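> So that you have it, the file is upload15.csv, and it contains CSV, C-alpha atoms and all ligand atoms:
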```
chain,number,residue,atom,x,y,z
A,1,MET,CA,-79.5,27.8,224.1
A,2,ARG,CA,-83.1,26.6,224.0
A,3,ILE,CA,-85.9,29.2,224.3
A,4,GLN,CA,-89.2,27.8,225.4
A,5,GLU,CA,-92.6,29.6,225.3
A,6,ASN,CA,-95.3,30.0,227.9
A,7,ILE,CA,-93.7,28.0,230.7
A,8,SER,CA,-95.3,27.8,234.2
A,9,LEU,CA,-93.1,29.2,237.0
A,10,GLN,CA,-95.1,27.5,239.8
A,11,GLN,CA,-92.4,25.0,240.6
A,12,PHE,CA,-89.7,27.7,240.3
A,13,ASN,CA,-90.9,30.0,243.2
A,14,THR,CA,-91.2,28.8,246.8
A,15,PHE,CA,-94.4,30.8,247.3
A,16,GLY,CA,-95.8,28.5,244.6
A,17,PHE,CA,-97.6,31.3,242.7
A,18,ASP,CA,-99.0,30.1,239.5
A,19,VAL,CA,-97.7,32.5,236.8
A,20,SER,CA,-96.0,31.8,233.6
A,21,ALA,CA,-93.0,33.2,231.7
A,22,ALA,CA,-93.6,34.3,228.1
A,23,TYR,CA,-90.2,32.9,227.1
A,24,PHE,CA,-88.0,30.7,229.3
A,25,SER,CA,-84.4,29.6,229.0
A,26,LYS,CA,-82.4,27.2,231.3
A,27,ILE,CA,-78.8,28.6,231.6
A,28,THR,CA,-76.2,25.9,232.0
A,29,SER,CA,-73.1,27.8,230.8
A,30,LYS,CA,-71.7,31.3,230.3
A,31,GLU,CA,-72.2,30.9,226.6
A,32,ASP,CA,-75.9,30.1,227.1
A,33,LEU,CA,-76.2,33.2,229.3
A,34,LEU,CA,-74.6,35.5,226.8
A,35,ALA,CA,-76.7,34.1,223.9
A,36,SER,CA,-79.9,34.4,225.9
A,37,VAL,CA,-79.2,38.0,227.0
A,38,LEU,CA,-78.4,39.0,223.4
A,39,TRP,CA,-81.5,37.2,222.1
A,40,ALA,CA,-83.7,39.2,224.6
A,41,ARG,CA,-81.9,42.4,223.5
A,42,THR,CA,-82.4,41.7,219.8
A,43,HIS,CA,-86.1,41.1,220.4
A,44,HIS,CA,-86.4,44.2,222.6
A,45,LEU,CA,-87.7,42.0,225.5
A,46,PRO,CA,-87.3,42.5,229.2
A,47,LEU,CA,-85.0,39.9,230.9
A,48,HIS,CA,-85.5,38.3,234.3
A,49,ILE,CA,-83.0,36.0,236.1
A,50,ILE,CA,-84.2,33.5,238.7
A,51,GLY,CA,-82.4,31.0,240.8
A,52,GLY,CA,-84.2,28.9,243.4
A,53,GLY,CA,-87.1,31.4,243.4
A,54,SER,CA,-86.9,31.5,247.2
A,55,ASN,CA,-86.8,35.3,247.5
A,56,LEU,CA,-89.4,36.2,244.9
A,57,VAL,CA,-93.0,37.4,244.8
A,58,LEU,CA,-94.3,36.8,241.3
A,59,THR,CA,-97.3,39.1,240.9
A,60,GLU,CA,-98.4,38.3,237.3
A,61,ASN,CA,-97.2,36.5,234.2
A,62,LEU,CA,-93.7,37.5,233.3
A,63,PRO,CA,-93.3,39.2,230.0
A,64,GLY,CA,-90.0,38.8,228.1
A,65,LEU,CA,-87.3,36.2,228.7
A,66,THR,CA,-86.9,34.4,232.1
A,67,CYS,CA,-83.5,32.8,232.6
A,68,LEU,CA,-83.2,30.0,235.1
A,69,MET,CA,-79.7,30.1,236.4
A,70,SER,CA,-78.4,26.5,236.4
A,71,ILE,CA,-74.6,26.8,235.9
A,72,GLU,CA,-73.0,24.0,237.9
A,73,GLY,CA,-69.5,23.2,239.3
A,74,LYS,CA,-67.6,23.5,242.5
A,75,GLU,CA,-63.9,23.0,243.3
A,76,VAL,CA,-61.3,23.8,245.9
A,77,ARG,CA,-59.0,26.1,244.0
A,78,GLN,CA,-56.2,26.6,246.6
A,79,ARG,CA,-55.5,25.8,250.2
A,80,ASP,CA,-52.6,27.3,252.3
A,81,ALA,CA,-51.9,27.9,255.9
A,82,THR,CA,-54.4,30.7,256.3
A,83,SER,CA,-57.4,29.9,254.0
A,84,THR,CA,-59.2,27.6,251.5
A,85,LEU,CA,-60.3,29.2,248.3
A,86,ILE,CA,-63.4,27.6,246.7
A,87,ARG,CA,-65.1,28.4,243.5
A,88,VAL,CA,-68.8,27.5,242.9
A,89,GLY,CA,-71.1,27.9,239.9
A,90,ALA,CA,-74.1,30.3,240.3
A,91,GLY,CA,-76.7,27.6,239.7
A,92,GLU,CA,-75.5,25.2,242.5
A,93,ASP,CA,-77.9,24.8,245.4
A,94,TRP,CA,-76.6,26.7,248.4
A,95,HIS,CA,-77.4,24.2,251.1
A,96,ASP,CA,-75.9,21.3,249.1
A,97,PHE,CA,-72.8,23.5,248.6
A,98,VAL,CA,-72.5,24.1,252.4
A,99,THR,CA,-72.8,20.4,253.0
A,100,TRP,CA,-70.1,19.7,250.4
A,101,THR,CA,-67.7,22.2,252.0
A,102,LEU,CA,-68.0,20.4,255.3
A,103,GLU,CA,-67.5,17.0,253.6
A,104,ASN,CA,-64.3,18.5,252.0
A,105,ASP,CA,-62.8,19.6,255.3
A,106,SER,CA,-63.5,23.3,254.7
A,107,PRO,CA,-65.7,24.6,257.6
A,108,GLY,CA,-66.9,28.2,257.9
A,109,LEU,CA,-70.3,28.2,256.3
A,110,GLU,CA,-72.1,26.0,258.8
A,111,ASN,CA,-74.2,28.8,260.3
A,112,LEU,CA,-75.7,29.5,256.9
A,113,ALA,CA,-76.9,25.9,256.4
A,114,LEU,CA,-80.4,25.2,255.1
A,115,ILE,CA,-80.9,28.6,253.5
A,116,PRO,CA,-82.8,27.8,250.2
A,117,GLY,CA,-81.8,29.1,246.8
A,118,THR,CA,-78.7,29.2,244.6
A,119,CYS,CA,-75.1,30.1,245.2
A,120,GLY,CA,-75.3,32.9,242.6
A,121,ALA,CA,-78.2,34.6,244.4
A,122,ALA,CA,-76.5,34.4,247.8
A,123,PRO,CA,-74.4,37.6,247.4
A,124,ILE,CA,-77.3,39.5,245.9
A,125,GLN,CA,-79.0,40.1,249.3
A,126,ASN,CA,-75.9,39.1,251.3
A,127,ILE,CA,-77.6,36.1,252.9
A,128,GLY,CA,-77.2,35.9,256.6
A,129,ALA,CA,-78.3,33.8,259.6
A,130,TYR,CA,-77.3,32.9,263.1
A,131,GLY,CA,-74.7,35.7,263.4
A,132,THR,CA,-73.0,35.1,260.0
A,133,GLU,CA,-73.3,36.7,256.6
A,134,ILE,CA,-71.9,35.4,253.3
A,135,SER,CA,-70.0,38.7,252.8
A,136,GLU,CA,-67.5,37.6,255.4
A,137,PHE,CA,-66.4,34.8,253.1
A,138,ILE,CA,-66.6,36.4,249.6
A,139,ASP,CA,-63.3,36.6,247.8
A,140,GLN,CA,-64.8,37.6,244.4
A,141,VAL,CA,-68.0,37.4,242.4
A,142,GLU,CA,-67.9,36.7,238.6
A,143,VAL,CA,-70.6,38.5,236.7
A,144,LEU,CA,-71.8,39.3,233.2
A,145,ASP,CA,-72.0,43.1,233.2
A,146,THR,CA,-74.9,43.9,230.8
A,147,THR,CA,-73.6,47.4,230.3
A,148,LEU,CA,-70.5,46.0,228.6
A,149,LEU,CA,-72.3,43.8,226.0
A,150,GLU,CA,-70.8,45.8,223.1
A,151,SER,CA,-67.3,45.4,224.5
A,152,ASP,CA,-64.8,42.5,223.8
A,153,ASN,CA,-65.2,41.2,227.3
A,154,PRO,CA,-68.4,41.8,229.3
A,155,TRP,CA,-67.3,39.3,232.1
A,156,ILE,CA,-65.9,41.0,235.2
A,157,TYR,CA,-64.8,40.0,238.7
A,158,LEU,CA,-66.0,42.1,241.7
A,159,SER,CA,-63.8,41.8,244.8
A,160,GLN,CA,-65.4,41.8,248.3
A,161,PRO,CA,-65.1,45.6,248.8
A,162,GLN,CA,-66.4,46.2,245.3
A,163,CYS,CA,-69.6,44.3,246.2
A,164,GLU,CA,-70.4,47.0,248.8
A,165,PHE,CA,-72.0,44.5,251.2
A,166,ASN,CA,-74.3,45.6,253.9
A,167,TYR,CA,-77.2,44.1,255.9
A,168,ARG,CA,-79.3,42.3,253.2
A,169,HIS,CA,-77.7,44.6,250.6
A,170,SER,CA,-75.0,44.7,248.0
A,171,ILE,CA,-74.0,46.5,244.8
A,172,PHE,CA,-76.2,44.0,242.9
A,173,LYS,CA,-79.3,45.5,244.5
A,174,SER,CA,-78.1,49.1,243.8
A,175,TYR,CA,-78.1,48.4,240.0
A,176,PRO,CA,-81.0,46.0,239.4
A,177,GLY,CA,-80.6,44.0,236.2
A,178,ARG,CA,-77.1,45.2,235.5
A,179,PHE,CA,-75.0,42.3,236.9
A,180,ILE,CA,-75.7,38.6,236.3
A,181,VAL,CA,-73.8,36.4,238.7
A,182,THR,CA,-72.2,33.3,237.0
A,183,GLY,CA,-69.8,32.1,239.8
A,184,VAL,CA,-68.7,32.9,243.3
A,185,THR,CA,-65.3,32.4,244.9
A,186,LEU,CA,-65.2,32.1,248.7
A,187,ARG,CA,-62.3,32.3,251.1
A,188,LEU,CA,-62.7,30.2,254.2
A,189,PRO,CA,-60.3,31.1,257.0
A,190,ILE,CA,-57.9,28.6,258.6
A,191,PRO,CA,-57.9,28.0,261.5
A,192,TRP,CA,-61.7,27.7,261.7
A,193,SER,CA,-63.4,29.3,264.7
A,194,PRO,CA,-67.1,28.7,265.7
A,195,HIS,CA,-69.7,31.5,265.8
A,196,LEU,CA,-72.0,30.6,268.7
A,197,GLU,CA,-73.0,34.2,269.8
A,198,TYR,CA,-76.6,33.8,268.6
A,199,ALA,CA,-78.9,32.9,271.5
A,200,ASP,CA,-80.5,29.9,269.7
A,201,LEU,CA,-77.1,28.3,269.1
A,202,LYS,CA,-75.7,29.1,272.5
A,203,LYS,CA,-78.6,27.1,274.0
A,204,GLU,CA,-77.6,24.1,271.9
A,205,PHE,CA,-74.0,24.1,273.2
A,206,THR,CA,-74.1,24.8,276.9
A,207,ASN,CA,-71.3,22.2,277.7
A,208,THR,CA,-68.7,23.3,275.1
A,209,SER,CA,-67.4,26.5,273.5
A,210,LYS,CA,-65.9,24.7,270.5
A,211,PRO,CA,-68.1,22.0,269.1
A,212,PRO,CA,-67.1,20.5,265.7
A,213,PRO,CA,-68.4,22.3,262.7
A,214,ILE,CA,-70.7,19.4,261.7
A,215,GLU,CA,-72.5,19.6,265.1
A,216,ILE,CA,-73.1,23.4,264.5
A,217,PHE,CA,-74.4,22.6,261.0
A,218,GLN,CA,-76.7,20.0,262.5
A,219,ALA,CA,-77.9,22.3,265.2
A,220,VAL,CA,-78.6,25.1,262.7
A,221,CYS,CA,-80.6,22.7,260.6
A,222,ARG,CA,-82.6,21.5,263.7
A,223,VAL,CA,-83.4,25.0,264.9
A,224,ARG,CA,-84.4,26.2,261.4
A,225,GLN,CA,-86.6,23.2,260.8
A,226,SER,CA,-88.4,23.9,264.1
A,227,LYS,CA,-89.0,27.5,263.3
A,228,LEU,CA,-89.5,27.9,259.6
A,229,PRO,CA,-92.1,26.3,257.3
A,230,ASP,CA,-90.8,23.9,254.6
A,231,PRO,CA,-91.6,25.7,251.3
A,232,LYS,CA,-92.4,22.2,249.8
A,233,VAL,CA,-95.3,22.0,252.3
A,234,LEU,CA,-96.3,25.6,252.7
A,235,GLY,CA,-95.4,28.4,250.3
A,236,ASN,CA,-93.1,31.1,251.8
A,237,ALA,CA,-89.9,33.1,251.2
A,238,GLY,CA,-88.5,33.0,254.7
A,239,SER,CA,-88.4,36.3,256.5
A,240,PHE,CA,-90.7,38.7,254.6
A,241,PHE,CA,-89.4,41.9,256.2
A,242,GLN,CA,-85.9,43.1,257.1
A,243,ASN,CA,-85.3,44.1,260.7
A,244,PRO,CA,-85.7,47.9,260.7
A,245,ILE,CA,-82.7,50.0,261.8
A,246,VAL,CA,-83.5,53.1,263.9
A,247,SER,CA,-81.4,55.9,265.4
A,248,GLU,CA,-80.6,56.0,269.1
A,249,PRO,CA,-83.2,58.7,270.0
A,250,LYS,CA,-85.9,56.8,268.1
A,251,HIS,CA,-84.9,53.6,270.0
A,252,SER,CA,-85.0,55.4,273.4
A,253,GLU,CA,-88.5,56.7,272.6
A,254,LEU,CA,-89.8,53.2,271.6
A,255,LYS,CA,-88.1,51.5,274.6
A,256,GLU,CA,-89.9,53.9,276.9
A,257,LYS,CA,-93.3,53.2,275.4
A,258,PHE,CA,-92.6,49.5,274.8
A,259,PRO,CA,-90.2,48.3,277.6
A,260,HIS,CA,-90.3,44.7,276.2
A,261,LEU,CA,-89.1,45.9,272.7
A,262,ILE,CA,-86.6,43.4,271.3
A,263,SER,CA,-83.6,45.3,269.7
A,264,TYR,CA,-79.8,45.0,269.2
A,265,PRO,CA,-77.2,47.7,268.8
A,266,THR,CA,-75.6,47.6,265.4
A,267,PRO,CA,-72.0,48.7,264.5
A,268,ALA,CA,-71.8,52.6,264.6
A,269,ILE,CA,-72.2,54.4,261.3
A,270,GLU,CA,-70.1,57.6,261.1
A,271,GLY,CA,-70.0,57.7,264.9
A,272,GLN,CA,-73.8,57.3,265.3
A,273,THR,CA,-75.3,54.4,267.2
A,274,TYR,CA,-78.2,52.6,265.6
A,275,PHE,CA,-80.4,49.8,266.8
A,276,LYS,CA,-81.9,46.9,264.8
A,277,LEU,CA,-85.5,46.1,265.9
A,278,ALA,CA,-86.8,42.5,265.7
A,279,ALA,CA,-89.5,42.9,263.0
A,280,GLY,CA,-91.1,39.6,264.0
A,281,TRP,CA,-91.7,41.0,267.5
A,282,LEU,CA,-93.3,44.2,266.2
A,283,ILE,CA,-95.7,42.2,263.9
A,284,ASP,CA,-96.5,39.7,266.6
A,285,GLN,CA,-97.3,42.5,269.1
A,286,CYS,CA,-99.8,43.9,266.6
A,287,GLY,CA,-101.7,40.5,266.7
A,288,PHE,CA,-100.8,39.3,263.2
A,289,LYS,CA,-99.3,35.9,264.2
A,290,GLY,CA,-101.5,33.2,262.5
A,291,TYR,CA,-103.6,35.9,260.7
A,292,LYS,CA,-105.2,34.7,257.5
A,293,MET,CA,-106.5,36.6,254.5
A,294,GLY,CA,-107.9,34.1,252.0
A,295,SER,CA,-105.1,31.8,251.0
A,296,VAL,CA,-102.3,34.1,252.2
A,297,GLY,CA,-101.4,34.8,255.8
A,298,VAL,CA,-98.8,35.1,258.6
A,299,TYR,CA,-97.2,31.9,259.8
A,300,ASP,CA,-98.5,30.9,263.2
A,301,LYS,CA,-95.0,30.0,264.7
A,302,GLN,CA,-93.1,33.0,263.3
A,303,ALA,CA,-94.8,36.4,262.5
A,304,LEU,CA,-91.9,37.4,260.2
A,305,VAL,CA,-92.9,34.7,257.7
A,306,LEU,CA,-95.8,35.3,255.3
A,307,ILE,CA,-97.3,32.2,253.8
A,308,HIS,CA,-99.4,31.1,250.8
A,309,SER,CA,-101.4,27.9,251.2
A,310,GLY,CA,-102.3,27.5,247.5
A,311,GLY,CA,-104.7,29.1,244.9
A,312,GLY,CA,-103.7,32.7,245.9
A,313,THR,CA,-101.8,35.4,244.0
A,314,GLY,CA,-98.7,37.5,244.6
A,315,LYS,CA,-100.9,40.6,244.6
A,316,GLU,CA,-103.0,39.2,247.5
A,317,LEU,CA,-99.8,38.6,249.4
A,318,LEU,CA,-98.6,42.2,248.7
A,319,ALA,CA,-102.0,43.5,250.0
A,320,LEU,CA,-101.4,41.7,253.2
A,321,ALA,CA,-97.9,43.0,253.5
A,322,GLU,CA,-99.1,46.5,253.0
A,323,MET,CA,-101.8,46.1,255.7
A,324,ILE,CA,-99.1,44.9,258.1
A,325,ASN,CA,-96.8,47.7,257.2
A,326,LYS,CA,-99.5,50.4,257.7
A,327,LYS,CA,-100.3,49.0,261.2
A,328,ILE,CA,-96.6,48.9,262.2
A,329,HIS,CA,-96.2,52.5,261.0
A,330,ALA,CA,-99.2,53.6,263.0
A,331,VAL,CA,-98.1,51.9,266.2
A,332,TYR,CA,-94.4,52.3,266.2
A,333,GLY,CA,-93.7,55.0,263.6
A,334,VAL,CA,-91.4,52.6,261.8
A,335,ASP,CA,-91.5,51.4,258.1
A,336,LEU,CA,-90.8,47.8,257.3
A,337,ILE,CA,-88.7,47.0,254.2
A,338,GLN,CA,-89.8,44.0,252.2
A,339,GLU,CA,-87.0,41.4,251.7
A,340,PRO,CA,-88.3,39.4,248.6
A,341,VAL,CA,-88.0,40.9,245.2
A,342,CYS,CA,-91.3,41.5,243.2
A,343,LEU,CA,-91.4,40.4,239.6
A,344,PRO,CA,-92.3,41.7,237.1
B,1,LIG,C1,-87.7,28.9,254.2
B,1,LIG,C2,-86.8,30.0,253.8
B,1,LIG,C3,-85.8,30.5,254.6
B,1,LIG,C4,-84.9,31.5,254.3
B,1,LIG,N1,-84.0,31.9,255.2
B,1,LIG,C5,-83.1,32.9,254.9
B,1,LIG,C6,-82.1,33.3,255.8
B,1,LIG,O1,-82.0,32.7,256.9
B,1,LIG,N2,-81.3,34.3,255.4
B,1,LIG,C7,-81.4,34.9,254.2
B,1,LIG,O2,-80.6,35.8,253.9
B,1,LIG,N3,-82.3,34.6,253.3
B,1,LIG,C8,-83.2,33.6,253.6
B,1,LIG,N4,-84.2,33.2,252.7
B,1,LIG,C9,-84.3,33.9,251.4
B,1,LIG,C10,-83.6,33.2,250.2
B,1,LIG,O3,-83.4,31.9,250.5
B,1,LIG,C11,-82.3,33.9,249.8
B,1,LIG,O4,-82.5,35.3,249.5
B,1,LIG,C12,-81.6,33.2,248.6
B,1,LIG,O5,-80.3,33.7,248.5
B,1,LIG,C13,-82.4,33.4,247.3
B,1,LIG,O6,-81.8,32.6,246.3
B,1,LIG,P1,-82.6,32.2,245.1
B,1,LIG,O7,-81.6,31.4,244.2
B,1,LIG,O8,-83.8,31.4,245.4
B,1,LIG,O9,-82.9,33.6,244.4
B,1,LIG,P2,-84.3,34.0,243.6
B,1,LIG,O10,-85.4,34.1,244.6
B,1,LIG,O11,-84.4,33.2,242.4
B,1,LIG,O12,-83.9,35.5,243.2
B,1,LIG,C14,-83.8,36.5,244.1
B,1,LIG,C15,-83.2,37.8,243.5
B,1,LIG,O13,-81.9,37.5,243.0
B,1,LIG,C16,-81.8,37.7,241.6
B,1,LIG,N5,-80.9,36.6,241.1
B,1,LIG,C17,-81.0,35.3,241.3
B,1,LIG,N6,-79.9,34.7,240.8
B,1,LIG,C18,-79.2,35.6,240.2
B,1,LIG,C19,-77.9,35.6,239.5
B,1,LIG,N7,-77.3,34.5,239.3
B,1,LIG,N8,-77.4,36.8,239.1
B,1,LIG,C20,-78.1,38.0,239.3
B,1,LIG,N9,-79.3,38.0,239.9
B,1,LIG,C21,-79.8,36.9,240.4
B,1,LIG,C22,-83.2,37.5,241.1
B,1,LIG,O14,-83.4,38.2,239.8
B,1,LIG,C23,-84.0,38.2,242.2
B,1,LIG,O15,-84.0,39.6,242.1
B,1,LIG,C24,-85.1,32.2,253.0
B,1,LIG,C25,-86.1,31.7,252.1
B,1,LIG,C26,-86.9,30.7,252.5
B,1,LIG,C27,-87.9,30.2,251.5
```
I need this file expressed as structure tokens, please.
Ligand SMILES: Cc1cc2nc3c(=O)[nH]c(=O)nc-3n(C[C@H](O)[C@H](O)[C@H](O)COP(=O)(O)OP(=O)(O)OC[C@H]3O[C@@H](n4cnc5c(N)ncnc54)[C@H](O)[C@@H]3O)c2cc1C

Amino acid sequence: MRIQENISLQQFNTFGFDVSAAYFSKITSKEDLLASVLWARTHHLPLHIIGGGSNLVLTENLPGLTCLMSIEGKEVRQRDATSTLIRVGAGEDWHDFVTWTLENDSPGLENLALIPGTCGAAPIQNIGAYGTEISEFIDQVEVLDTTLLESDNPWIYLSQPQCEFNYRHSIFKSYPGRFIVTGVTLRLPIPWSPHLEYADLKKEFTNTSKPPPIEIFQAVCRVRQSKLPDPKVLGNAGSFFQNPIVSEPKHSELKEKFPHLISYPTPAIEGQTYFKLAAGWLIDQCGFKGYKMGSVGVYDKQALVLIHSGGGTGKELLALAEMINKKIHAVYGVDLIQEPVCLP
């Protein structure tokens, strides 16, 4: 374990905010992680875990110890007639991992291609795109449970149901800071079947209902590249707000007032029907697409994406997000929930 002092985090967050970590440690093994966590505890310092920094808003210099999750390794653990079991280290890049699964004849994750960040962070907010979520493939998640540091074995495995996955949610968000993910095991079903329900993908495959997985992977990459800014060119964290979920009566009221409202029914919860509203549409209708406030703004091709063009701060971005949220509340009576995590 090597602890460094006063390290810039600009290259470790996709918004590119220029803040620094008081103490910084690159984690390449479980032993490194345990030693770093104990070091922070001994020195009474707060601890922050970051992966690819693609779902973060860094608002000021981070006090305490920031750990960059970099545990590597990926292997096919088992393959039988019904599934392939694959284990991946938390620090592996998610998109590279998806590419590797396809190269190793293990399709299933192609709809989740090109999502930035690490494999360890993927279960935290249950990453999802194009009609698929990682929760569908989780077998178990290996974590360091920081409430068990005094015990003989603080490492535990959480099964898929124990992770309590939901839309952009999991148990890891319910107990912030408690669990640190060190590895993920995924179960990819055999036989593979494509998921082409999402309109953008359907359009790509009008001639066939079962294209090969690699073609779906390529189509997902193409569609994403045409819609989302590349963080290497323009700072962003993908969708800044979750799509709000409203009750059936609220949905009817909105639909009457705004007949063009974009919404989708979600699976019933305790017998009640709910609808997911397209947050991007709500923001766009309020005239924010392309809006600029100094060096932060709303992407001109997709109103759900907030951007930072350089020289700005996380606090300026949050001020913009609050302004958007207030307007959405005033017009639609709906509150937007922010997707990226704010640190510190
Ligand atoms: C261009 C772009 C497109 C995107 N598209 C999508 C999309 O389609 N779907 C989607 O769901 N998301 C999307 N995102 C958001 C982001 O890519 C995901 O949330 C990703 O999983 C974040 O991974 P990360 O490693 O960058 O996490 P970070 O941003 O580093 O961290 C995010 C949170 O997870 C915690 N964390 C990170 N690693 C660990 C760990 N090992 N153990 C415990 N906690 C940890 C951090 O403390 C923080 O709270 C997009 C982002 C960008 C920039």
> Using only C-alpha atoms and all ligand atoms, I'd like a table of the residues in chain A that come within 6 Å of ligand LIG 1 (chain B); for each, show the closest atom pair and its distance in Å rounded to one decimal, ordered by chain and ascending number, as a tab-separated table.

```
residue	atom	partner	partner_atom	distance
A:Thr14	CA	B:LIG1	C27	5.9
A:His48	CA	B:LIG1	O14	5.9
A:Ile49	CA	B:LIG1	O14	4.3
A:Ile50	CA	B:LIG1	O11	3.7
A:Gly51	CA	B:LIG1	O11	3.4
A:Gly52	CA	B:LIG1	O8	3.2
A:Gly53	CA	B:LIG1	O11	3.4
A:Ser54	CA	B:LIG1	O8	3.6
A:Asn55	CA	B:LIG1	O10	3.4
A:Leu56	CA	B:LIG1	O10	4.5
A:Met69	CA	B:LIG1	N7	5.8
A:Ala90	CA	B:LIG1	N7	5.4
A:Ile115	CA	B:LIG1	N1	4.8
A:Pro116	CA	B:LIG1	O3	4.2
A:Gly117	CA	B:LIG1	O8	3.4
A:Thr118	CA	B:LIG1	O7	3.7
A:Gly120	CA	B:LIG1	N7	4.2
A:Ala121	CA	B:LIG1	N6	4.0
A:Ala122	CA	B:LIG1	O5	3.9
A:Ile124	CA	B:LIG1	O13	5.8
A:Gln125	CA	B:LIG1	O4	5.9
A:Ile127	CA	B:LIG1	O2	3.2
A:Gly128	CA	B:LIG1	O2	4.3
A:Ala129	CA	B:LIG1	O1	4.7
A:Phe179	CA	B:LIG1	C20	5.8
A:Ile180	CA	B:LIG1	N8	3.7
A:Val181	CA	B:LIG1	N8	3.6
A:Thr182	CA	B:LIG1	N7	5.7
A:Leu228	CA	B:LIG1	C1	5.8
A:Pro229	CA	B:LIG1	C1	6.0
A:Asp230	CA	B:LIG1	C1	5.9
A:Pro231	CA	B:LIG1	C1	5.8
A:Asn236	CA	B:LIG1	C27	5.3
A:Ala237	CA	B:LIG1	C27	3.5
A:Gly238	CA	B:LIG1	C26	3.6
A:Val341	CA	B:LIG1	O15	5.2
```
> Name the closest residue to Asn166 (chain A) among the candidates A:Pro154, A:Gly183, A:Gly89, A:Pro123; distances are taken between atoms, counting all atoms listed in the file.
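Using all atoms listed in the file, Asn166 (chain A) sits closest to A:Pro123.
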> Residues within 9 Å of (-76.8, 23.7, 265.7), file coordinates, counting all atoms listed in the file: what are they? Give the list as a list of chain:residue names.
A:Glu110, A:Asn111, A:Leu196, A:Asp200, A:Leu201, A:Lys202, A:Glu204, A:Phe205, A:Ile214, A:Glu215, A:Ile216, A:Phe217, A:Gln218, A:Ala219, A:Val220, A:Cys221, A:Arg222, A:Val223
> Could you please determine the separation between CA of Ala268 (chain A) and CA of Phe137 (chain A) in Å, to one decimal place?
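For CA of Ala268 (chain A) relative to CA of Phe137 (chain A), the distance reads 21.9 Å.
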> Dump as an mmCIF file with C-alpha atoms, in the coordinates of the input all residues having an atom at most 6 Å from (-65.2, 24.2, 244.6), computed in the file's coordinates with all atoms listed in the file.

```
data_model
loop_
_atom_site.group_PDB
_atom_site.id
_atom_site.type_symbol
_atom_site.label_atom_id
_atom_site.label_comp_id
_atom_site.auth_asym_id
_atom_site.auth_seq_id
_atom_site.Cartn_x
_atom_site.Cartn_y
_atom_site.Cartn_z
ATOM 1 C CA LYS A 74 -67.600 23.500 242.500
ATOM 2 C CA GLU A 75 -63.900 23.000 243.300
ATOM 3 C CA VAL A 76 -61.300 23.800 245.900
ATOM 4 C CA ILE A 86 -63.400 27.600 246.700
ATOM 5 C CA ARG A 87 -65.100 28.400 243.500
ATOM 6 C CA VAL A 88 -68.800 27.500 242.900
#
```
> Just want the 8 Å neighbourhood of Tyr23 (chain A), counted on only C-alpha atoms, with same-chain residues fewer than 6 positions away dropped. Output as JSON, numbers by chain.
{"A": [3, 4, 5, 6, 7, 63, 64, 65, 66]}
> For a test of reading the model, state the distance in Å between CA of Leu114 (chain A) and CA of Asn126 (chain A), rounded to one decimal.
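Spanning CA of Leu114 (chain A) to CA of Asn126 (chain A) is a straight-line distance of 15.1 Å.
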> Tell me which of A:Leu58, A:Ala40, A:Ala278, A:Leu33 sits closest to Thr313 (chain A), counting all atoms listed in the file.
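Looking only at the distances to Thr313 (chain A), the closest residue turns out to be A:Leu58.
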> For Lys232 (chain A), work out the shell of residues within 12 Å, counting all atoms listed in the file and skipping chain neighbours fewer than 5 positions away, then give it as a list in words.
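Contacts, with the query itself left out: Gln10, Gln11, Phe12, Asn13, Thr14, Phe15, Gly16, Ser54, Pro116, Ala237, Ile307, His308, Ser309 and Gly310 of chain A.
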